[in-house]
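Participant: Structure in structure tokens, see below.
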2 protein chains.
Amino acid sequence: MHIREAHIQDWDAIWPIFQSVVQAGETYAYDPSTTKEQGLALWISAPRKTYVAEVNGHTVATYYLKTNQAGPGAHVCNCGYMVAPQARGQGLASALCEHSQNLAKELGYLAMQFNFVASSNTGAVRLWQKLGFEPVGQLPKAFRHPTLGLVDALVMYKWLADS
Amino acid sequence: MHIREAHIQDWDAIWPIFQSVVQAGETYAYDPSTTKEQGLALWISAPRKTYVAEVNGHTVATYYLKTNQAGPGAHVCNCGYMVAPQARGQGLASALCEHSQNLAKELGYLAMQFNFVASSNTGAVRLWQKLGFEPVGQLPKAFRHPTLGLVDALVMYKWLADS
């Protein structure tokens with residue numbers, strides 16, 4: 001597995017992953033009807049950095065890193081991770097999250113925040129906790145799950161700097 | 001005091017308020033060096049609605065309303081309020097917040113969320129609590145205050161719908 005920085009020309013390979021995750025509507029606060037062009041803006045153009053994970057030359061996972069808030073909040077970054085359905089259960093999300101934490105520190109960020117983790121996504125919540133993220137907020141009924149209805153969303157946070 | 005919807009041509013009157021609040025760096029996650037053009041994009045173009053409060057024909061306060069998260073989070077809105085320095089202490093923030101809650105309900109939102117309230121901004125925290133917002137999250141050292149250094153930021157939330 002090889003993790004490398006992604007650019008606009010990688011979007012064709014990332015798009016099927018993005019689309020499958022977003023259409024499921026269970027994890028990300030993106031409109032399920034997001035077009036390929038809008039997705040490019042959200043996942044590659046707007047973030048500060050985007051990376052892909054490749055296995056045997058195939059793009060199987062991706063993440064972005066962006067500054068979470070401007071000005072007085074600019075020392076905290078935000079990341080999002082997506083793994084292709086056929087590549088799940090192999091530790092890719094974990095590997096990408098570790099990679100993103102190192103990148104964040106290199107870029108000078110002091111902390112990382114996940115703004116909107118569906119509480120129903122228990123696998124992700126457990127994984128982020130294992131990787132050192134703490135739930136620091138719980139937004140009542142803020143996530144509309146396609147089958148469960150309105151569920152809470154969690155804010156998760158990890159201080160990255162040594163002090 | 002008259003509250004009305006604002007448009008691009010109101011930006012000249014809003015900008016001095018925006019600039020004084022953002023340059024102080026004590027309350028909003030905007031870069032203090034935000035230009036007038038960037039401010040217009042942030043405060044008027046990007047939000048779904050922007051309003052101003054006028055007293056004797058002068059713009060003295062303003063707020064925006066936007067959808068806080070897309071897709072599965074699109075039933076929760078976010079607002080930001082700014083009052084001109086010379087017009088503070090007269091209940092304008094409170095009036096604008098009440099106005100924005102009614103607008104949010106008219107637009108079909110079920111809840112309102114403030115993503116990033118500096119914990120050092122005790123006046124705002126108290127006011128939002130008085131108006132029914134609860135602190136639902138606390139982000140450790142997420143706000144860099146110009147004199148106090150790194151302070152916590154609060155996430156505040158109010159359910160607007162009847163059920």
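Ordering of the structure tokens sets the chain letters (A, B, ...); residue numbers start at 1 within each chain; ligands are numbered from 1 in the order shown.
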Find the nearest atom pair between each residue of chain A and chain B for residues within 6 Å, count only C-alpha atoms, give distances in Å to one decimal, sort rows by chain and ascending number, and present the table as a tab-separated table.
Facilitator:
```
residue	atom	partner	partner_atom	distance
A:Ala29	CA	B:Ala70	CA	5.1
A:Tyr30	CA	B:Gly71	CA	4.7
A:Asp31	CA	B:Gly71	CA	3.7
A:Gln69	CA	B:Ala29	CA	5.7
A:Ala70	CA	B:Tyr30	CA	5.0
A:Gly71	CA	B:Asp31	CA	3.7
A:Pro72	CA	B:Arg144	CA	4.6
A:Gly73	CA	B:Phe143	CA	5.1
A:Val136	CA	B:Gly137	CA	5.4
A:Gly137	CA	B:Gly137	CA	3.6
A:Gln138	CA	B:Val136	CA	5.7
A:Ala142	CA	B:Gly73	CA	5.9
A:Phe143	CA	B:Gly73	CA	5.1
A:Arg144	CA	B:Pro72	CA	4.6
```
Participant: With a distance cut-off of 9 Å and only C-alpha atoms, select the neighbouring residues of Met82 of chain B, excluding the residue or stretch itself and same-chain residues fewer than 3 positions from it, and output the selection as a ChimeraX atom specification.
Facilitator: /B:17-18,21,60-63,93
Participant: Would you write out those residues with N, CA and C atoms, as a short mmCIF file (atom, residue, chain, number, x, y, z; two decimals), in the first residue's frame?
Facilitator:
```
data_model
loop_
_atom_site.label_atom_id
_atom_site.label_comp_id
_atom_site.auth_asym_id
_atom_site.auth_seq_id
_atom_site.Cartn_x
_atom_site.Cartn_y
_atom_site.Cartn_z
N ILE B 17 -18.49 47.35 10.38
CA ILE B 17 -18.86 46.52 11.53
C ILE B 17 -18.06 45.22 11.49
N PHE B 18 -18.10 44.57 10.32
CA PHE B 18 -17.37 43.31 10.12
C PHE B 18 -15.89 43.51 10.45
N VAL B 21 -15.05 43.94 14.22
CA VAL B 21 -15.19 42.69 14.97
C VAL B 21 -14.05 41.73 14.63
N VAL B 60 -26.51 49.17 12.08
CA VAL B 60 -25.81 49.06 13.36
C VAL B 60 -25.50 47.61 13.74
N ALA B 61 -26.09 46.65 13.04
CA ALA B 61 -25.84 45.25 13.38
C ALA B 61 -26.23 44.39 12.18
N THR B 62 -25.76 43.16 12.18
CA THR B 62 -26.00 42.28 11.04
C THR B 62 -25.91 40.82 11.46
N TYR B 63 -26.60 39.96 10.72
CA TYR B 63 -26.39 38.52 10.92
C TYR B 63 -26.54 37.78 9.62
N ALA B 93 -27.99 42.16 19.76
CA ALA B 93 -27.61 40.77 19.48
C ALA B 93 -28.78 39.84 19.82
#
```
Participant: Of the residues B:Ala95, B:Val125, B:Ala46, B:Leu40, which is the one nearest to Gln9 of chain B, using only C-alpha atoms?
Facilitator: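 Ranked by minimum distance to Gln9 of chain B, first place goes to B:Leu40.
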Participant: Apply DSSP to the backbone of this structure and, from segment 30-131 of chain A, keep only the residues in strand (DSSP E or B); write these as an mmCIF file with C-alpha atoms, in the first residue's frame.
Facilitator:
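Dumped to result.cif:
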```cif
data_model
loop_
_atom_site.group_PDB
_atom_site.id
_atom_site.type_symbol
_atom_site.label_atom_id
_atom_site.label_comp_id
_atom_site.auth_asym_id
_atom_site.auth_seq_id
_atom_site.Cartn_x
_atom_site.Cartn_y
_atom_site.Cartn_z
ATOM 1 C CA LYS A 49 -4.106 18.681 0.769
ATOM 2 C CA THR A 50 -5.633 15.489 -0.625
ATOM 3 C CA TYR A 51 -3.996 12.058 -0.565
ATOM 4 C CA VAL A 52 -4.767 8.663 -2.063
ATOM 5 C CA ALA A 53 -3.810 5.159 -1.009
ATOM 6 C CA GLU A 54 -2.944 2.797 -3.859
ATOM 7 C CA VAL A 55 -2.709 -0.992 -3.870
ATOM 8 C CA HIS A 58 -5.371 0.985 -7.922
ATOM 9 C CA THR A 59 -6.757 3.871 -5.862
ATOM 10 C CA VAL A 60 -8.525 2.249 -2.900
ATOM 11 C CA ALA A 61 -8.809 5.057 -0.338
ATOM 12 C CA THR A 62 -8.420 8.811 0.030
ATOM 13 C CA TYR A 63 -8.335 11.607 2.551
ATOM 14 C CA TYR A 64 -8.276 15.384 2.621
ATOM 15 C CA LEU A 65 -6.805 17.778 5.155
ATOM 16 C CA LYS A 66 -8.014 21.340 5.597
ATOM 17 C CA THR A 67 -7.802 24.159 8.115
ATOM 18 C CA VAL A 76 -6.696 23.147 14.211
ATOM 19 C CA CYS A 77 -7.154 21.050 11.074
ATOM 20 C CA ASN A 78 -9.939 18.789 9.867
ATOM 21 C CA CYS A 79 -9.672 15.595 7.834
ATOM 22 C CA GLY A 80 -12.056 13.267 6.047
ATOM 23 C CA TYR A 81 -11.314 9.681 4.969
ATOM 24 C CA MET A 82 -13.005 7.402 2.456
ATOM 25 C CA VAL A 83 -12.233 3.763 1.682
ATOM 26 C CA ALA A 111 -4.824 19.675 16.839
ATOM 27 C CA MET A 112 -7.224 17.771 14.585
ATOM 28 C CA GLN A 113 -11.007 17.924 14.766
ATOM 29 C CA PHE A 114 -13.740 15.800 13.210
ATOM 30 C CA ASN A 115 -16.824 18.010 13.114
ATOM 31 C CA PHE A 116 -19.610 15.620 12.327
ATOM 32 C CA VAL A 117 -19.246 11.900 13.076
ATOM 33 C CA ALA A 118 -22.601 10.114 12.941
#
```
Participant: Restricting the calculation to only C-alpha atoms: of B:Leu103, B:Ile3, B:Tyr109, B:Cys97, which residue gets closest to Gly57 of chain B?
Facilitator: B:Ile3
Participant: Using backbone DSSP assignments, extract all alpha helix (DSSP H) residues from segment 45-111 of chain B; output them as a PDB file with N, CA and C atoms, in the first residue's frame.
Facilitator:
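Contents of result05.pdb, as written:
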```
ATOM      1  N   LEU B  92     -29.274  44.445  20.846  1.00  0.00           N
ATOM      2  CA  LEU B  92     -29.350  44.158  19.410  1.00  0.00           C
ATOM      3  C   LEU B  92     -29.008  42.707  19.094  1.00  0.00           C
ATOM      4  N   ALA B  93     -27.990  42.159  19.756  1.00  0.00           N
ATOM      5  CA  ALA B  93     -27.615  40.766  19.478  1.00  0.00           C
ATOM      6  C   ALA B  93     -28.780  39.839  19.824  1.00  0.00           C
ATOM      7  N   SER B  94     -29.396  40.128  20.934  1.00  0.00           N
ATOM      8  CA  SER B  94     -30.542  39.337  21.365  1.00  0.00           C
ATOM      9  C   SER B  94     -31.688  39.432  20.349  1.00  0.00           C
ATOM     10  N   ALA B  95     -31.974  40.651  19.899  1.00  0.00           N
ATOM     11  CA  ALA B  95     -33.049  40.852  18.918  1.00  0.00           C
ATOM     12  C   ALA B  95     -32.737  40.130  17.609  1.00  0.00           C
ATOM     13  N   LEU B  96     -31.497  40.219  17.170  1.00  0.00           N
ATOM     14  CA  LEU B  96     -31.126  39.540  15.923  1.00  0.00           C
ATOM     15  C   LEU B  96     -31.208  38.021  16.086  1.00  0.00           C
ATOM     16  N   CYS B  97     -30.800  37.528  17.235  1.00  0.00           N
ATOM     17  CA  CYS B  97     -30.841  36.082  17.440  1.00  0.00           C
ATOM     18  C   CYS B  97     -32.283  35.579  17.438  1.00  0.00           C
ATOM     19  N   GLU B  98     -33.173  36.312  18.094  1.00  0.00           N
ATOM     20  CA  GLU B  98     -34.591  35.926  18.079  1.00  0.00           C
ATOM     21  C   GLU B  98     -35.127  35.948  16.643  1.00  0.00           C
ATOM     22  N   HIS B  99     -34.757  37.009  15.913  1.00  0.00           N
ATOM     23  CA  HIS B  99     -35.195  37.144  14.522  1.00  0.00           C
ATOM     24  C   HIS B  99     -34.694  35.958  13.693  1.00  0.00           C
ATOM     25  N   SER B 100     -33.439  35.603  13.897  1.00  0.00           N
ATOM     26  CA  SER B 100     -32.849  34.513  13.103  1.00  0.00           C
ATOM     27  C   SER B 100     -33.500  33.173  13.426  1.00  0.00           C
ATOM     28  N   GLN B 101     -33.922  32.987  14.660  1.00  0.00           N
ATOM     29  CA  GLN B 101     -34.588  31.730  15.021  1.00  0.00           C
ATOM     30  C   GLN B 101     -35.942  31.617  14.317  1.00  0.00           C
ATOM     31  N   ASN B 102     -36.661  32.744  14.248  1.00  0.00           N
ATOM     32  CA  ASN B 102     -37.935  32.722  13.515  1.00  0.00           C
ATOM     33  C   ASN B 102     -37.705  32.465  12.030  1.00  0.00           C
ATOM     34  N   LEU B 103     -36.686  33.129  11.472  1.00  0.00           N
ATOM     35  CA  LEU B 103     -36.349  32.911  10.063  1.00  0.00           C
ATOM     36  C   LEU B 103     -35.991  31.446   9.819  1.00  0.00           C
ATOM     37  N   ALA B 104     -35.186  30.885  10.712  1.00  0.00           N
ATOM     38  CA  ALA B 104     -34.757  29.491  10.560  1.00  0.00           C
ATOM     39  C   ALA B 104     -35.965  28.560  10.523  1.00  0.00           C
ATOM     40  N   LYS B 105     -36.912  28.798  11.415  1.00  0.00           N
ATOM     41  CA  LYS B 105     -38.121  27.955  11.444  1.00  0.00           C
ATOM     42  C   LYS B 105     -38.929  28.124  10.152  1.00  0.00           C
ATOM     43  N   GLU B 106     -39.049  29.373   9.695  1.00  0.00           N
ATOM     44  CA  GLU B 106     -39.762  29.614   8.419  1.00  0.00           C
ATOM     45  C   GLU B 106     -39.107  28.856   7.267  1.00  0.00           C
TER      46      GLU B 106
END
```
